[in-house]
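Below is start15.txt, which holds compact mmCIF, C-alpha atoms.
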# COMPACT_ATOMS: atom_id res chain seq x y z
CA MET A 29 40.94 0.44 5.99
CA LYS A 30 38.72 3.54 5.97
CA LYS A 31 35.89 3.55 8.51
CA VAL A 32 32.43 5.11 8.25
CA LEU A 33 29.90 5.53 11.06
CA ILE A 34 26.30 5.52 9.82
CA THR A 35 24.00 6.82 12.50
CA ASP A 36 20.21 6.69 12.85
CA SER A 37 19.36 6.26 9.17
CA HIS A 38 16.24 4.57 7.85
CA PRO A 39 16.86 0.76 7.83
CA LEU A 40 16.40 0.44 4.06
CA PHE A 41 18.93 3.14 3.26
CA ARG A 42 21.29 2.10 6.06
CA GLU A 43 21.54 -1.51 4.90
CA PHE A 44 21.82 -0.57 1.24
CA LEU A 45 24.58 1.95 1.96
CA LYS A 46 26.40 -0.51 4.22
CA GLN A 47 26.34 -3.11 1.46
CA ARG A 48 27.70 -0.73 -1.15
CA LEU A 49 30.46 0.65 1.09
CA THR A 50 31.50 -2.82 2.25
CA GLU A 51 31.80 -3.89 -1.40
CA ASN A 52 34.25 -1.00 -1.81
CA GLN A 53 36.40 -2.17 1.13
CA ILE A 54 35.05 0.41 3.60
CA ASP A 55 34.55 -0.69 7.22
CA VAL A 56 31.02 0.31 8.29
CA ILE A 57 29.91 0.91 11.88
CA LEU A 58 26.15 1.18 12.44
CA SER A 59 24.38 3.14 15.14
CA GLN A 60 20.60 2.91 15.17
CA GLU A 61 20.02 5.37 18.01
CA ASN A 62 21.58 8.77 18.59
CA ARG A 63 22.32 8.06 22.23
CA ASP A 64 25.02 5.52 21.40
CA SER A 65 26.35 7.33 18.32
CA TYR A 66 28.82 9.44 20.28
CA THR A 67 30.19 6.39 22.12
CA LYS A 68 30.70 4.52 18.87
CA MET A 69 32.35 7.55 17.32
CA ILE A 70 34.93 8.05 20.08
CA THR A 71 35.55 4.29 20.27
CA ASN A 72 36.11 3.79 16.52
CA LEU A 73 37.26 7.29 15.41
CA PRO A 74 35.81 6.88 11.90
CA ASN A 75 37.03 8.77 8.84
CA LEU A 76 33.46 9.92 8.17
CA VAL A 77 30.11 10.15 9.96
CA ILE A 78 26.91 9.83 7.92
CA LEU A 79 24.01 11.26 9.89
CA ASP A 80 20.28 11.18 9.16
CA MET A 81 18.55 14.29 10.51
CA GLU A 82 14.86 14.53 11.39
CA GLU A 83 12.58 17.58 11.46
CA ASP A 84 12.89 17.59 15.23
CA ASN A 85 16.68 17.53 15.26
CA LEU A 86 17.46 18.16 18.94
CA GLU A 87 19.23 14.82 19.39
CA GLU A 88 21.24 15.22 16.18
CA MET A 89 22.31 18.74 17.15
CA GLU A 90 23.32 17.52 20.62
CA PHE A 91 25.47 14.86 18.95
CA LEU A 92 27.11 17.46 16.68
CA GLU A 93 27.76 19.77 19.64
CA ARG A 94 29.48 17.01 21.62
CA LYS A 95 31.48 16.02 18.57
CA SER A 96 32.74 19.57 17.95
CA GLU A 97 33.72 20.03 21.60
CA ASP A 98 35.85 16.86 21.71
CA PHE A 99 39.40 17.42 20.44
CA ASN A 100 39.57 13.81 19.19
CA THR A 101 36.44 14.03 17.05
CA ALA A 102 36.06 17.70 16.12
CA ASN A 103 37.72 17.29 12.73
CA ILE A 104 35.86 14.16 11.65
CA PRO A 105 33.81 15.17 8.57
CA VAL A 106 30.04 14.68 8.59
CA ILE A 107 27.61 14.13 5.72
CA ILE A 108 23.94 14.72 6.57
CA SER A 109 20.72 13.70 4.85
CA GLY A 110 17.78 15.66 6.16
CA PRO A 111 14.71 17.81 5.56
CA SER A 112 14.77 20.99 3.53
CA GLN A 113 16.25 23.92 5.47
CA ASP A 114 17.04 27.51 4.65
CA LYS A 115 20.53 28.19 3.32
CA ALA A 116 21.70 30.02 6.44
CA SER A 117 20.79 27.10 8.73
CA VAL A 118 22.55 24.62 6.48
CA ALA A 119 25.64 26.83 6.15
CA ALA A 120 25.88 27.15 9.95
CA LEU A 121 26.29 23.36 10.23
CA ALA A 122 29.81 23.75 8.82
CA LYS A 123 30.89 24.75 12.35
CA TYR A 124 30.34 21.14 13.42
CA GLY A 125 32.41 19.59 10.66
CA VAL A 126 29.46 19.05 8.30
CA VAL A 127 30.87 19.03 4.76
CA LYS A 128 27.75 17.97 2.83
CA TYR A 129 24.01 18.30 3.47
CA PHE A 130 21.65 16.41 1.16
CA THR A 131 17.98 17.35 1.20
CA LYS A 132 15.67 14.33 1.05
CA PRO A 133 14.86 12.68 -1.28
CA ILE A 134 18.56 12.32 -1.96
CA LYS A 135 20.09 11.40 -5.27
CA PHE A 136 21.99 8.27 -4.25
CA ASP A 137 24.63 8.39 -6.99
CA VAL A 138 25.52 12.01 -6.14
CA PHE A 139 25.49 11.13 -2.43
CA PHE A 140 27.71 8.10 -2.98
CA GLU A 141 30.15 10.13 -5.08
CA ALA A 142 30.38 12.71 -2.27
CA VAL A 143 31.21 9.95 0.23
CA GLY A 144 34.06 8.81 -1.99
CA LYS A 145 35.46 12.33 -2.30
CA VAL A 146 35.39 12.91 1.45
CA LEU A 147 37.15 9.58 2.05
CA HIS A 148 39.59 10.25 -0.82
CA THR A 149 38.59 6.81 -2.10
CA PRO A 150 37.05 6.40 -5.56
CA LEU A 151 33.84 4.38 -5.22
CA SER A 152 32.43 2.39 -8.13
CA ILE A 153 28.81 3.05 -9.09
CA ASP A 154 26.65 2.00 -12.03
CA THR A 155 25.38 5.07 -13.93
CA THR A 156 23.31 3.17 -16.53
CA PRO A 157 20.12 5.15 -17.32
CA CYS A 158 17.23 3.26 -15.78
CA VAL A 159 13.63 3.85 -14.73
CA LEU A 160 12.52 1.44 -12.01
CA ASP A 161 9.11 1.61 -10.39
CA ILE A 162 7.53 -0.66 -7.81
CA HIS A 163 3.97 -0.61 -6.51
CA ARG A 164 1.62 -3.06 -4.81
CA ASN A 165 -1.97 -4.22 -5.24
CA GLY A 166 -2.95 -6.57 -2.48
CA GLN A 167 -0.36 -9.34 -2.44
CA ILE A 168 0.85 -8.58 -5.95
CA PHE A 169 3.92 -6.42 -6.49
CA PHE A 170 4.51 -4.84 -9.88
CA ILE A 171 8.10 -4.03 -10.79
CA GLU A 172 8.50 -2.09 -14.02
CA ILE A 173 11.94 -1.42 -15.51
CA ALA A 174 12.66 0.70 -18.58
CA ARG A 175 15.63 2.25 -20.39
CA GLY A 176 18.24 -0.07 -18.89
CA LEU A 177 19.35 -2.30 -16.01
CA ASN A 178 21.10 -0.26 -13.31
CA ARG A 179 22.74 -2.43 -10.64
CA GLU A 180 22.44 0.22 -7.92
CA LYS A 181 18.69 0.47 -8.43
CA ILE A 182 18.34 -3.30 -8.59
CA ALA A 183 20.23 -3.68 -5.31
CA LEU A 184 18.04 -1.02 -3.70
CA LEU A 185 14.97 -2.82 -5.08
CA GLN A 186 15.67 -5.85 -2.88
CA PHE A 187 15.63 -3.73 0.27
CA LYS A 188 12.55 -1.81 -0.83
CA LEU A 189 10.67 -5.00 -1.70
CA ALA A 190 11.62 -6.58 1.62
CA GLU A 191 10.51 -3.48 3.49
CA MET A 192 7.10 -3.43 1.78
CA ILE A 193 6.53 -7.15 2.34
CA GLU A 194 7.43 -7.03 6.03
CA ARG A 195 5.60 -3.77 6.74
CA GLU A 196 2.33 -5.10 5.28
CA GLY A 197 2.77 -8.59 6.76
CA ILE A 198 2.44 -10.31 3.38
CA ASP A 199 3.33 -14.01 3.72
CA ASN A 200 2.75 -15.02 0.09
CA PRO A 201 3.94 -12.16 -2.15
CA LYS A 202 3.46 -12.46 -5.89
CA ILE A 203 5.76 -10.60 -8.22
CA ILE A 204 5.22 -9.42 -11.79
CA VAL A 205 8.35 -8.00 -13.38
CA MET A 206 7.56 -5.94 -16.47
CA LEU A 207 10.50 -5.74 -18.90
CA THR A 208 8.64 -5.20 -22.17
CA ASN A 209 10.41 -1.88 -22.75
CA LEU A 210 13.84 -3.52 -22.69
CA ASP A 211 15.47 -5.19 -25.69
CA LEU A 212 17.40 -7.87 -23.81
CA THR A 213 20.28 -9.90 -25.28
CA PHE A 214 23.07 -12.12 -23.94
CA VAL A 215 25.02 -8.94 -23.10
CA ASP A 216 22.45 -8.29 -20.35
CA GLY A 217 22.69 -11.80 -18.93
CA TYR A 218 24.74 -10.89 -15.86
CA ASN A 219 22.42 -8.03 -14.92
CA ILE A 220 19.29 -10.12 -15.53
CA GLU A 221 20.57 -12.75 -13.10
CA PHE A 222 21.43 -9.93 -10.67
CA LEU A 223 17.82 -8.70 -10.91
CA ILE A 224 16.17 -12.09 -10.48
CA ASP A 225 18.48 -13.12 -7.63
CA HIS A 226 17.71 -9.89 -5.72
CA ILE A 227 13.95 -10.41 -6.16
CA LEU A 228 14.18 -14.02 -4.94
CA ALA A 229 16.23 -12.85 -1.93
CA ALA A 230 13.29 -10.85 -0.59
CA PRO A 231 11.36 -12.57 2.26
CA HIS A 232 8.68 -15.14 1.39
CA VAL A 233 9.25 -14.83 -2.37
CA HIS A 234 9.04 -18.21 -4.18
CA ASN A 235 9.91 -19.02 -7.79
CA LYS A 236 6.38 -20.11 -8.64
CA ASN A 237 5.04 -16.67 -7.70
CA VAL A 238 7.47 -14.72 -9.87
CA LYS A 239 6.20 -13.86 -13.37
CA ILE A 240 8.20 -11.93 -15.97
CA LEU A 241 6.59 -9.96 -18.77
CA SER A 242 9.03 -9.73 -21.68
CA LEU A 243 9.38 -10.15 -25.44
CA SER A 244 13.00 -11.37 -25.21
CA LYS A 245 13.79 -14.81 -26.63
CA TYR A 246 17.13 -14.70 -24.83
CA LEU A 247 15.45 -14.24 -21.44
CA LYS A 248 13.14 -17.18 -22.11
CA GLU A 249 16.15 -19.38 -22.88
CA LEU A 250 18.01 -18.14 -19.79
CA LEU A 251 15.10 -19.01 -17.50
CA ALA A 252 14.65 -22.43 -19.07
CA GLY A 253 18.31 -23.32 -18.70
CA HIS A 254 18.92 -21.97 -15.19
CA GLU A 255 18.58 -24.46 -12.33
CA ASN A 256 17.78 -21.78 -9.72
CA TYR A 257 14.96 -20.25 -11.78
CA LYS A 258 12.71 -23.29 -12.15
CA GLY A 259 9.07 -22.34 -11.76
CA ILE A 260 9.51 -18.73 -12.87
CA GLU A 261 7.07 -18.06 -15.72
CA MET A 262 7.70 -15.71 -18.61
CA SER A 263 5.08 -14.39 -21.00
CA SER A 264 4.66 -11.66 -23.59
CA ARG A 265 1.08 -10.94 -22.45
CA LEU A 266 0.03 -9.69 -19.02
CA SER A 267 -3.42 -11.28 -19.31
CA SER A 268 -1.89 -14.76 -19.52
CA MET A 269 -0.32 -14.33 -16.07
CA ILE A 270 -3.41 -13.11 -14.28
CA GLY A 271 -5.18 -16.41 -13.67
CA SER A 272 -2.41 -17.88 -11.53
CA LEU A 273 -2.00 -14.76 -9.38
CA VAL A 274 -5.48 -13.24 -8.89
CA ASP A 275 -8.71 -14.76 -7.60
CA THR A 276 -10.70 -15.12 -10.84
CA THR A 277 -13.93 -15.94 -8.98
CA ILE A 278 -14.49 -12.18 -8.52
CA THR A 279 -14.99 -11.65 -12.25
CA SER A 280 -14.49 -13.66 -15.40
CA SER A 281 -13.37 -10.61 -17.36
CA VAL A 282 -9.60 -10.41 -17.75
CA SER A 283 -9.82 -6.73 -18.66
CA ASP A 284 -11.77 -6.05 -15.47
CA LEU A 285 -9.16 -7.89 -13.45
CA ILE A 286 -6.37 -5.82 -14.94
CA THR A 287 -8.17 -2.53 -14.52
CA GLU A 288 -9.82 -3.03 -11.14
CA ARG A 289 -7.41 -5.27 -9.32
CA ILE A 290 -4.03 -4.42 -10.84
CA LEU A 291 -3.89 -0.98 -12.39
CA THR A 292 -5.59 0.48 -9.30
CA SER A 293 -2.57 0.48 -7.03
CA SER A 294 -2.87 0.14 -3.27
CA GLY A 295 0.84 0.72 -2.88
CA MET A 296 2.46 3.92 -1.70
CA ASN A 297 5.02 6.16 -3.28
CA ASP A 298 8.45 6.53 -1.74
CA GLY A 299 8.42 8.65 1.37
CA GLU A 300 4.66 8.60 2.07
CA ASP A 301 4.98 5.86 4.65
CA GLY A 302 8.15 6.93 6.40
CA SER A 303 10.32 5.02 3.98
CA VAL A 304 13.47 6.68 2.77
CA ALA A 305 12.96 8.24 -0.64
CA THR A 306 16.16 7.52 -2.53
CA LYS A 307 16.50 8.51 -6.16
CA PHE A 308 19.21 8.98 -8.75
CA SER A 309 20.37 12.08 -10.58
CA ALA A 310 18.99 10.78 -13.88
CA ASP A 311 15.49 10.50 -12.38
CA LYS A 312 13.16 13.32 -13.34
CA THR A 313 10.42 13.91 -10.80
CA LYS A 314 7.27 15.48 -12.19
CA GLY A 315 6.81 18.93 -10.71
CA ASP A 316 10.36 19.10 -9.35
CA SER A 317 11.06 22.81 -9.29
CA ARG A 318 14.64 22.61 -8.02
CA ALA A 319 16.68 24.38 -10.67
CA GLU A 320 20.04 23.08 -9.55
CA GLU A 321 21.22 19.57 -8.93
CA ASP A 322 21.66 19.03 -5.20
CA ASP A 323 25.31 18.10 -4.77
CA GLY A 324 25.17 18.48 -1.00
CA THR A 325 27.32 21.59 -0.86
CA ILE A 326 26.47 23.39 2.38
CA LEU A 327 28.64 26.46 2.09
CA LYS A 328 29.49 28.79 -0.80
CA VAL A 329 32.34 31.15 -0.02
CA ALA A 330 33.80 34.11 -1.90
CA ILE A 331 37.29 35.36 -1.00
CA VAL A 332 38.34 38.83 -2.15
CA ASP A 333 42.06 39.36 -1.57
CA SER A 334 44.85 40.89 -3.67
CA ASP A 335 47.53 38.94 -1.75
CA LEU A 336 47.83 35.84 -3.94
CA ASN A 337 49.62 33.79 -1.29
CA SER A 338 46.98 34.54 1.35
CA LEU A 339 44.25 33.95 -1.22
CA ALA A 340 45.56 30.48 -2.05
CA ILE A 341 45.94 29.44 1.61
CA THR A 342 42.46 30.68 2.55
CA LYS A 343 40.87 28.98 -0.46
CA GLN A 344 42.54 25.67 0.35
CA ALA A 345 41.40 25.86 4.00
CA PHE A 346 37.74 26.39 3.13
CA GLU A 347 37.73 23.75 0.39
CA ALA A 348 39.16 21.27 2.89
CA ALA A 349 36.12 22.06 5.06
CA GLY A 350 33.76 21.19 2.20
CA ALA A 351 33.00 24.71 0.97
CA GLU A 352 32.60 25.65 -2.68
CA THR A 353 35.07 28.52 -2.92
CA THR A 354 35.38 31.30 -5.52
CA ILE A 355 38.28 33.75 -5.45
CA PHE A 356 38.65 37.35 -6.62
CA THR A 357 41.69 39.63 -6.58
CA THR A 358 39.77 42.92 -6.85
CA GLY A 359 36.52 44.30 -5.52
CA GLN A 360 35.43 45.25 -9.01
CA ALA A 361 35.76 41.69 -10.28
CA PHE A 362 33.65 40.50 -7.36
CA THR A 363 30.81 43.02 -7.78
CA GLU A 364 30.61 42.39 -11.53
CA SER A 365 29.78 38.73 -10.92
CA TYR A 366 27.75 39.09 -7.70
CA GLU A 367 24.19 37.78 -7.45
CA ASN A 368 21.85 37.87 -4.44
CA GLY A 369 21.98 34.64 -2.48
CA LYS A 370 25.01 33.37 -4.39
CA TYR A 371 27.32 33.16 -1.33
CA ASN A 372 26.78 32.26 2.31
CA LEU A 373 30.05 33.86 3.32
CA VAL A 374 32.26 36.59 1.83
CA ILE A 375 35.79 37.16 3.15
CA VAL A 376 37.28 40.55 2.29
CA ASP A 377 40.71 42.05 2.72
CA VAL A 378 40.04 45.80 2.90
CA PHE A 379 43.49 46.55 1.44
CA LEU A 380 42.70 45.61 -2.15
CA SER A 381 44.84 46.60 -5.12
CA ASP A 382 41.98 48.59 -6.67
CA ASN A 383 41.26 50.40 -3.36
CA THR A 384 37.67 49.13 -3.21
CA GLY A 385 37.81 47.40 0.19
CA ILE A 386 35.59 49.77 2.22
CA SER A 387 33.22 50.47 -0.68
CA LEU A 388 32.87 46.71 -1.20
CA LEU A 389 31.73 46.31 2.42
CA GLN A 390 29.15 49.06 1.85
CA TYR A 391 28.00 47.32 -1.32
CA LEU A 392 27.50 44.01 0.51
CA THR A 393 25.55 45.42 3.46
CA ARG A 394 23.12 47.13 1.07
CA ARG A 395 22.23 43.89 -0.73
CA GLN A 396 18.67 42.58 -0.52
CA ILE A 397 19.99 39.31 0.90
CA PRO A 398 23.34 40.28 2.46
CA PRO A 399 25.78 37.42 2.97
CA VAL A 400 27.75 36.99 6.18
CA THR A 401 30.79 39.20 5.57
CA VAL A 402 34.13 38.85 7.34
CA VAL A 403 37.02 41.30 7.12
CA TYR A 404 40.33 39.41 7.08
CA SER A 405 43.15 41.95 6.91
CA ALA A 406 46.57 42.76 8.33
CA ILE A 407 45.75 46.16 9.84
CA PRO A 408 48.86 48.07 11.05
CA LYS A 409 48.65 49.21 14.67
CA GLN A 410 49.05 52.87 13.74
CA MET A 411 46.04 52.59 11.39
CA GLN A 412 43.80 50.31 13.45
CA GLN A 413 41.57 52.93 15.05
CA ASP A 414 40.89 54.73 11.77
CA ILE A 415 40.39 51.56 9.69
CA LEU A 416 38.19 49.89 12.30
CA LYS A 417 35.93 52.94 12.41
CA LYS A 418 35.54 52.83 8.64
CA ILE A 419 34.79 49.10 8.67
CA ILE A 420 32.21 49.38 11.46
CA SER A 421 30.57 52.37 9.74
CA THR A 422 29.67 50.06 6.84
CA GLY A 423 27.70 47.81 9.21
CA THR A 424 30.36 45.08 9.21
CA ARG A 425 31.15 43.65 12.65
CA ASN A 426 33.09 40.48 11.86
CA ILE A 427 36.81 41.30 11.83
CA ILE A 428 39.79 38.94 11.95
CA GLN A 429 43.38 40.13 12.02
CA LYS A 430 45.85 38.51 9.60
CA PRO A 431 47.57 36.15 9.74
CA GLN A 432 45.71 33.20 11.30
CA LYS A 433 46.30 29.48 11.13
CA PRO A 434 43.99 28.23 8.34
CA ASN A 435 41.93 25.98 10.62
CA ILE A 436 41.52 28.79 13.18
CA LEU A 437 40.36 31.17 10.43
CA VAL A 438 37.81 28.65 9.19
CA GLN A 439 36.44 27.95 12.68
CA LYS A 440 36.12 31.66 13.47
CA CYS A 441 34.20 32.23 10.24
CA PHE A 442 31.94 29.28 11.01
CA GLY A 443 31.24 30.90 14.38
CA PHE A 444 30.16 34.12 12.62
CA LEU A 445 27.84 32.07 10.41
CA LYS A 446 26.17 30.47 13.42
CA GLY A 447 25.89 33.83 15.18
CA ASN A 448 24.00 35.32 12.23
CA LEU A 449 21.09 32.89 12.44
Take the structure in this file and express it as structure tokens.
Amino acid sequence: MKKVLITDSHPLFREFLKQRLTENQIDVILSQENRDSYTKMITNLPNLVILDMEEDNLEEMEFLERKSEDFNTANIPVIISGPSQDKASVAALAKYGVVKYFTKPIKFDVFFEAVGKVLHTPLSIDTTPCVLDIHRNGQIFFIEIARGLNREKIALLQFKLAEMIEREGIDNPKIIVMLTNLDLTFVDGYNIEFLIDHILAAPHVHNKNVKILSLSKYLKELLAGHENYKGIEMSSRLSSMIGSLVDTTITSSVSDLITERILTSSGMNDGEDGSVATKFSADKTKGDSRAEEDDGTILKVAIVDSDLNSLAITKQAFEAAGAETTIFTTGQAFTESYENGKYNLVIVDVFLSDNTGISLLQYLTRRQIPPVTVVYSAIPKQMQQDILKKIISTGTRNIIQKPQKPNILVQKCFGFLKGNL
């Protein structure tokens, strides 16, 4: 059985992730504090470490240093969720075995897919389009679901609801589930039960305090015929639910109650209170300026080499370390497709078939945002002094003599990345 160590994550995300991995037959080891993470790692030797990194990441970096220095743990892959960092800092983490770095708020489905790929174990996940929002006003929680019923979001809802109830010390929570935007039929029965069961599993939630706003005749029949759902009320009008949930002595106007007591939320958005902000790739956040989907890739590598055998071996080595790798057989092909900031690392054999090796190094050092460049060539002894002078004259200092064992090559390149910070 594959083993995963989850260390120092937010409780909501940690428990949710543990549940989902366990359902997929993955053994999960939890570590809530960094100081015992290393001990648990060397004791269990997991197939993967999932690490939550804070802004002040001294403890996390100490853990990664110790991991990389221990022969038994150095090659264990690491996936990190953490704050936004510059590309160079993220790329340098590859030295410690970090294969993915997800900037918070993470897209859980993309994160979960990455875990499966690292473990070489396909993990099942529901990709049904779904918008799920939860906010609080006093002791009333409003859960609104549109587009569809996604089981991952529903499972996460239970943990989020429990977290909000316990954090605010609410001993008599009242729940209004708004499903008016869903056309529910018997096909949705299994997922409806999944939703209701997860809401009822939250602390202090009682059937009599759960109200469902829906137009579905099927849902009404399901509630009426289900032994475990006795006391749950369903209505097609929000105003009809208000009297049993809100103190009507404040005002006799239902519209005032809805506007002043309900639509004015006292809840907080994800992340504002220290809670993990976990989203899905289908979610569109207003004002999100990130042009590319964050797939966690920490390192983008270009390899320019006319030796096809060497090219294939080098590509495979970096991909095994989690890098997104692009290959070129000539310097011209590389420069024609080059864009500033496209690569963290460029590996060049100066003996290219189109004789562009040295000029390519000059081209790279003149870029506005020059990538870390490494020369990886088999330089004959009789030519070494002359070739090395030419290489150094371009401003390139990182030189590795071919051939190297793939893992040694990768580690040396990671060292150059760290040294360029």
For Phe444 in chain A, list every protein, DNA or RNA residue within 12 Å, evaluated using only C-alpha atoms, and leave out those in the same chain fewer than 2 positions away; present the list as a VMD selection string. chain A and resid 116 119 to 123 372 to 375 399 to 403 424 to 428 437 to 442 446 to 449
Skipping near chain neighbours, those fewer than 4 positions away, what residues fall within 9 Å of Val127 in chain A using only C-alpha atoms, listed as a PyMOL selection string? chain A and resi 105-108+121-122+146+324-327+348-351
Using the selection just defined, write its residues with C-alpha atoms as a compact mmCIF listing (two decimals), in the coordinates of the input.
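Writing done, so here's part27.txt:
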# COMPACT_ATOMS: atom_id res chain seq x y z
CA PRO A 105 33.81 15.17 8.57
CA VAL A 106 30.04 14.68 8.59
CA ILE A 107 27.61 14.13 5.72
CA ILE A 108 23.94 14.72 6.57
CA LEU A 121 26.29 23.36 10.23
CA ALA A 122 29.81 23.75 8.82
CA VAL A 146 35.39 12.91 1.45
CA GLY A 324 25.17 18.48 -1.00
CA THR A 325 27.32 21.59 -0.86
CA ILE A 326 26.47 23.39 2.38
CA LEU A 327 28.64 26.46 2.09
CA ALA A 348 39.16 21.27 2.89
CA ALA A 349 36.12 22.06 5.06
CA GLY A 350 33.76 21.19 2.20
CA ALA A 351 33.00 24.71 0.97
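Closest to Thr131 in chain A among A:Gly217, A:Pro111, A:Pro150, A:Pro74 is A:Pro111, based on all atoms listed in the file.
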Let me know the centre plus edge lengths, in Å and rounded to one decimal, of a box with edges along x, y and z that contains all listed atoms of range 111-126 of chain A and is padded by 6 Å on every side, as lines of an AutoDock Vina configuration file.
center_x = 23.6
center_y = 23.9
center_z = 8.4
size_x = 29.7
size_y = 24.2
size_z = 22.1
Given the choices A:Leu73, A:Ile34, A:Leu40, A:Val159, which gets closest to Glu61 in chain A if the distance is worked out from only C-alpha atoms? A:Ile34
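The residue that comes closest to Asn165 in chain A, out of A:Leu223, A:Val143, A:Val77, A:Ile198 and on the basis of only C-alpha atoms, is A:Ile198.
Omitting Ala340 in chain A and its sequence neighbours fewer than 2 positions away, and counting only C-alpha atoms, the residues within 12 Å are Ile331, Val332, Asp333, Ser334, Asp335, Leu336, Asn337, Ser338, Thr342, Lys343, Gln344, Ala345, Phe346, Glu347, Thr353, Thr354, Ile355, Phe356, Thr357 and Pro434 of chain A.
Closest approach to Leu243 in chain A among A:Lys31, A:Arg265, A:Lys145, A:Arg195: A:Arg265, based on only C-alpha atoms.
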Starting from the point (18.8, 0.3, -5.6), work out which residues of protein, DNA or RNA have an atom no more than 12 Å away when counting only C-alpha atoms; state them as a PyMOL selection string. chain A and resi 40-41+43-45+47-48+135-137+153-155+158-162+177-189+222-223+226-227+304-308
Can you tell me, as a VMD selection string, what residues are no more than 9 Å from range 78-92 of chain A when counting only C-alpha atoms, ignoring any on the same chain fewer than 2 positions away? chain A and resid 32 to 38 62 to 63 65 to 66 76 94 to 97 102 105 to 112 121 124 to 126 143
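You will find CA of Lys418 in chain A at 27.7 Å from CA of Asn435 in chain A.
Put simply, CA of Lys239 in chain A is 4.8 Å away from CA of Ile204 in chain A.
Here CA of Gln432 in chain A stands at a distance of 24.8 Å from CA of Gln390 in chain A.
If you measure from each of A:Gly144, A:Pro133, A:Pro201, A:Gly253 to Phe169 in chain A using only C-alpha atoms, the closest one turns out to be A:Pro201.
The smallest atom-to-atom distance between Glu367 in chain A and any of A:Leu392, A:Ile341, A:Met411, A:Val238, using all atoms listed in the file, is found for A:Leu392.
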List the neighbours of His234 in chain A out to 10 Å using all atoms listed in the file; skip same-chain residues closer than 2 positions along the sequence, and give me the result as a VMD selection string. chain A and resid 200 to 203 227 to 232 236 to 238 257 259 to 260
How would range 393-397 of chain A look written as an mmCIF file, in the first residue's frame with all heavy atoms?
data_model
loop_
_atom_site.group_PDB
_atom_site.id
_atom_site.type_symbol
_atom_site.label_atom_id
_atom_site.label_comp_id
_atom_site.auth_asym_id
_atom_site.auth_seq_id
_atom_site.Cartn_x
_atom_site.Cartn_y
_atom_site.Cartn_z
ATOM 1 N N THR A 393 22.518 35.016 -22.109
ATOM 2 C CA THR A 393 22.994 35.952 -21.089
ATOM 3 C C THR A 393 22.552 37.383 -21.368
ATOM 4 O O THR A 393 22.561 38.223 -20.462
ATOM 5 C CB THR A 393 24.533 35.901 -20.979
ATOM 6 O OG1 THR A 393 25.116 36.141 -22.265
ATOM 7 C CG2 THR A 393 24.997 34.553 -20.455
ATOM 8 N N ARG A 394 22.164 37.679 -22.609
ATOM 9 C CA ARG A 394 21.710 39.033 -22.950
ATOM 10 C C ARG A 394 20.207 39.220 -22.757
ATOM 11 O O ARG A 394 19.688 40.313 -22.968
ATOM 12 C CB ARG A 394 22.076 39.363 -24.411
ATOM 13 C CG ARG A 394 23.560 39.556 -24.652
ATOM 14 C CD ARG A 394 23.799 40.270 -25.985
ATOM 15 N NE ARG A 394 23.252 39.519 -27.107
ATOM 16 C CZ ARG A 394 23.982 38.702 -27.887
ATOM 17 N NH1 ARG A 394 25.279 38.546 -27.641
ATOM 18 N NH2 ARG A 394 23.414 38.070 -28.897
ATOM 19 N N ARG A 395 19.510 38.141 -22.370
ATOM 20 C CA ARG A 395 18.055 38.261 -22.200
ATOM 21 C C ARG A 395 17.722 39.167 -21.027
ATOM 22 O O ARG A 395 18.469 39.268 -20.055
ATOM 23 C CB ARG A 395 17.408 36.883 -21.978
ATOM 24 C CG ARG A 395 17.499 35.899 -23.119
ATOM 25 C CD ARG A 395 17.007 36.461 -24.431
ATOM 26 N NE ARG A 395 18.109 37.050 -25.194
ATOM 27 C CZ ARG A 395 17.947 37.879 -26.220
ATOM 28 N NH1 ARG A 395 16.733 38.255 -26.585
ATOM 29 N NH2 ARG A 395 18.985 38.355 -26.858
ATOM 30 N N GLN A 396 16.536 39.778 -21.100
ATOM 31 C CA GLN A 396 16.071 40.668 -20.030
ATOM 32 C C GLN A 396 15.925 39.906 -18.713
ATOM 33 O O GLN A 396 16.250 40.409 -17.642
ATOM 34 C CB GLN A 396 14.736 41.300 -20.424
ATOM 35 C CG GLN A 396 14.214 42.298 -19.409
ATOM 36 C CD GLN A 396 12.900 42.923 -19.854
ATOM 37 O OE1 GLN A 396 12.352 42.555 -20.890
ATOM 38 N NE2 GLN A 396 12.405 43.855 -19.074
ATOM 39 N N ILE A 397 15.398 38.690 -18.809
ATOM 40 C CA ILE A 397 15.288 37.823 -17.638
ATOM 41 C C ILE A 397 16.046 36.534 -17.976
ATOM 42 O O ILE A 397 15.441 35.550 -18.413
ATOM 43 C CB ILE A 397 13.821 37.500 -17.296
ATOM 44 C CG1 ILE A 397 12.999 38.791 -17.216
ATOM 45 C CG2 ILE A 397 13.726 36.722 -15.989
ATOM 46 C CD1 ILE A 397 11.515 38.549 -17.019
#
